[in-house]
Amino acid sequence: MKKWTLICCIAIICILFTAVGKAEAASEGNKRYVGLHDRILPIEDIRVIDGDTKVPLKDIAKHLYLPVETTDGKTIIRKRGKEIIFDHSTGATTLDGVDQPWTPIASIEGQLFISVKYIARETGFQFEYFQEHHTIRIYRDEFNHISHEAFKEVIKAHGTKQQPAPTSKKATVYLTFDDGPNQFTLINHKTLEKYKVPATFFFLGNQMKQNESIVKTVSKSGHYIGSHSMTHDKAFVYGSTESFIAEMVGGAELVEQLTGKTSNLVRVPYGSKPLVTKGMQQSLIDRGLKMWDWDVDSNDWRYTDKQADQIVKNVQDGVTTAAKSGDKDIIILLHDRSQTTIALPKIIEWLQKEGYSFKSYEPDNHIIQNFLRDPLL
């Protein structure tokens, strides 16, 4: 009897240790990242199989621009003169007709996973593994990129942003409006006041000169105003580091001149990547400016007044995706345009119904959101 009791105890202990090991493995897996140049890729299903980091082929393919086709029971990747074939019937992988001695591609639960290191190496990339951060970075020397030490800060910043809050509280959303001030700014402002929702506006310098009263009205209501450049002229804004910083600082100085409030947040025209160079990036940092891109692009500029419902849907889909990824601070890109004034009430009502809270930019609680993944911006 004692013998059986001892055996049962040992079995229970083994089961407990096995369960703990599985839980730890799952916990580590949730924290793994794949980086491309200076950013963390939005790939959630990252698995370590036999010590090798693998990701869904469909996910990595769109970021590395891999042409993938499936025909006659085979999946084929052709890139940089190489041909990689996965045979679904045998599970074997060949490179230029040569059998690979291991399993760089594996079918798991009906989905193809590919080795990150393998596809990087075979398509002309280098890679660096940051063991302490469970992150593998893919990069090419011919493209400008930050150092590995600087990239560690990108990983930390991303991990902080993606870390789910300990409660079930919904994310905070930041409604941001570009290209004002103009007649549509006043309509959007009126809607925000109706729903008691704060927002962030990125105004153009030349527009502010012609609409000083609108700038003052928006500011007095408590909304934050940042610089969106003076002209929004792509060729001029990005013509040189000097013209770039003059455009951005000029807008910020106008905000302060008209409102009496310091403006240290900018949004560069067309987004920071790939237009903002290293020199431009450093010029913003040297002047103590911060930069926001966005998490959700409404693409409102693409649509007419009659297509305003598509703008609403774009926001709903984007916010839902961002929230599911664990993002607790979601920045939404909108514009001061006619079609946006029509969509805005529905957007706000949906966000309120879903339980999201609203904030405008808070200088003392800066949130890092730039496509350059620069923790200093």
# chains A, B, ... in the order shown; residues from 1 in each chain; ligands from 1
call {"tool": "select_by_dssp", "arguments": {"residues": "range 20-222 of chain A", "states": "strand (DSSP E or B)", "output": "PyMOL selection string"}}
result
chain A and resi 33-36+39-40+47-49+52-56+68-71+74-79+82-87+93-95+98-99+105-108+111-115+126-130+135-139+172-180+200-203
call {"tool": "residues_around", "arguments": {"residues": "Asn144 in chain A", "least_positions_apart": "6", "cutoff": "12 Å", "atoms": "only C-alpha atoms", "output": "JSON list (two decimals) with N, CA and C atoms, in the first residue's frame"}}
result
[["chain", "number", "residue", "atom", "x", "y", "z"],
["A", 36, "LEU", "N", 12.23, 44.15, -38.24],
["A", 36, "LEU", "CA", 12.71, 44.37, -39.61],
["A", 36, "LEU", "C", 13.30, 45.76, -39.67],
["A", 37, "HIS", "N", 14.61, 45.85, -39.89],
["A", 37, "HIS", "CA", 15.32, 47.13, -39.85],
["A", 37, "HIS", "C", 15.08, 47.81, -38.49],
["A", 38, "ASP", "N", 14.31, 48.90, -38.44],
["A", 38, "ASP", "CA", 14.18, 49.67, -37.21],
["A", 38, "ASP", "C", 12.82, 49.53, -36.54],
["A", 273, "LYS", "N", 8.02, 57.54, -42.10],
["A", 273, "LYS", "CA", 8.82, 56.57, -42.82],
["A", 273, "LYS", "C", 8.25, 56.36, -44.22],
["A", 274, "PRO", "N", 9.09, 56.49, -45.24],
["A", 274, "PRO", "CA", 10.57, 56.55, -45.23],
["A", 274, "PRO", "C", 11.13, 57.95, -45.45],
["A", 276, "VAL", "N", 11.53, 60.76, -43.48],
["A", 276, "VAL", "CA", 12.37, 61.43, -42.49],
["A", 276, "VAL", "C", 13.75, 60.77, -42.43],
["A", 277, "THR", "N", 14.77, 61.55, -42.74],
["A", 277, "THR", "CA", 16.14, 61.02, -42.74],
["A", 277, "THR", "C", 16.71, 61.03, -41.32],
["A", 278, "LYS", "N", 17.89, 60.44, -41.17],
["A", 278, "LYS", "CA", 18.56, 60.43, -39.87],
["A", 278, "LYS", "C", 18.83, 61.85, -39.37],
["A", 279, "GLY", "N", 19.25, 62.71, -40.32],
["A", 279, "GLY", "CA", 19.52, 64.09, -39.95],
["A", 279, "GLY", "C", 18.28, 64.82, -39.48],
["A", 372, "LEU", "N", 9.47, 55.26, -37.07],
["A", 372, "LEU", "CA", 10.91, 55.09, -36.99],
["A", 372, "LEU", "C", 11.31, 54.28, -35.77]]
call {"tool": "closest_residue", "arguments": {"among": "A:Phe203, A:Phe236, A:Tyr174, A:Trp294", "to": "Leu254 in chain A", "atoms": "only C-alpha atoms"}}
result
A:Phe203
call {"tool": "residues_around", "arguments": {"residues": "Ser107 in chain A", "least_positions_apart": "2", "cutoff": "12 Å", "atoms": "only C-alpha atoms", "output": "PDB file with C-alpha atoms, in the first residue's frame"}}
result
ATOM      1  CA  ILE A  49      10.300  24.821 -32.813  1.00  0.00           C
ATOM      2  CA  LYS A  54       9.332  30.265 -36.960  1.00  0.00           C
ATOM      3  CA  VAL A  55       6.472  32.533 -38.035  1.00  0.00           C
ATOM      4  CA  PRO A  56       3.486  32.122 -40.383  1.00  0.00           C
ATOM      5  CA  LEU A  57       4.725  32.299 -43.962  1.00  0.00           C
ATOM      6  CA  LYS A  74       3.474  22.667 -53.497  1.00  0.00           C
ATOM      7  CA  THR A  75       4.120  26.127 -52.111  1.00  0.00           C
ATOM      8  CA  PHE A  86       7.650  23.122 -49.867  1.00  0.00           C
ATOM      9  CA  ASP A  87       6.018  19.802 -50.766  1.00  0.00           C
ATOM     10  CA  HIS A  88       2.777  19.451 -48.794  1.00  0.00           C
ATOM     11  CA  SER A  89       2.604  15.677 -49.322  1.00  0.00           C
ATOM     12  CA  THR A  90       6.082  14.903 -47.967  1.00  0.00           C
ATOM     13  CA  GLY A  91       6.746  17.923 -45.730  1.00  0.00           C
ATOM     14  CA  ALA A  92      10.144  18.363 -47.454  1.00  0.00           C
ATOM     15  CA  THR A  93      11.706  21.661 -48.465  1.00  0.00           C
ATOM     16  CA  THR A 103      12.781  21.544 -41.713  1.00  0.00           C
ATOM     17  CA  PRO A 104      12.911  25.268 -42.529  1.00  0.00           C
ATOM     18  CA  ILE A 105       9.206  25.154 -43.436  1.00  0.00           C
ATOM     19  CA  GLU A 109      -2.446  22.936 -37.842  1.00  0.00           C
ATOM     20  CA  GLY A 110      -2.928  23.535 -41.551  1.00  0.00           C
ATOM     21  CA  GLN A 111      -0.740  26.661 -41.642  1.00  0.00           C
ATOM     22  CA  LEU A 112       2.776  26.996 -43.023  1.00  0.00           C
ATOM     23  CA  PHE A 113       5.451  28.307 -40.655  1.00  0.00           C
ATOM     24  CA  ILE A 114       8.899  29.300 -41.918  1.00  0.00           C
ATOM     25  CA  SER A 115      12.202  29.776 -40.148  1.00  0.00           C
TER      26      SER A 115
END
call {"tool": "select_by_dssp", "arguments": {"residues": "range 230-289 of chain A", "states": "helix (DSSP H, G or I)", "output": "PyMOL selection string"}}
result
chain A and resi 234-237+241-259+278-286
call {"tool": "closest_residue", "arguments": {"among": "A:Thr341, A:Thr123, A:Gln257, A:Ser357", "to": "Thr304 in chain A", "atoms": "only C-alpha atoms"}}
result
A:Thr341
call {"tool": "residues_around", "arguments": {"residues": "range 67-70 of chain A", "least_positions_apart": "6", "cutoff": "9 Å", "atoms": "only C-alpha atoms", "output": "list in words"}}
result
Leu57, Lys58, Ala61, Ile76, Ile77, Arg78 and Lys79 of chain A
call {"tool": "residues_around", "arguments": {"residues": "Lys328 in chain A", "least_positions_apart": "2", "cutoff": "7 Å", "atoms": "only C-alpha atoms", "output": "list in words"}}
result
Ala171, Thr172, Ala323, Gly326 and Ile330 of chain A
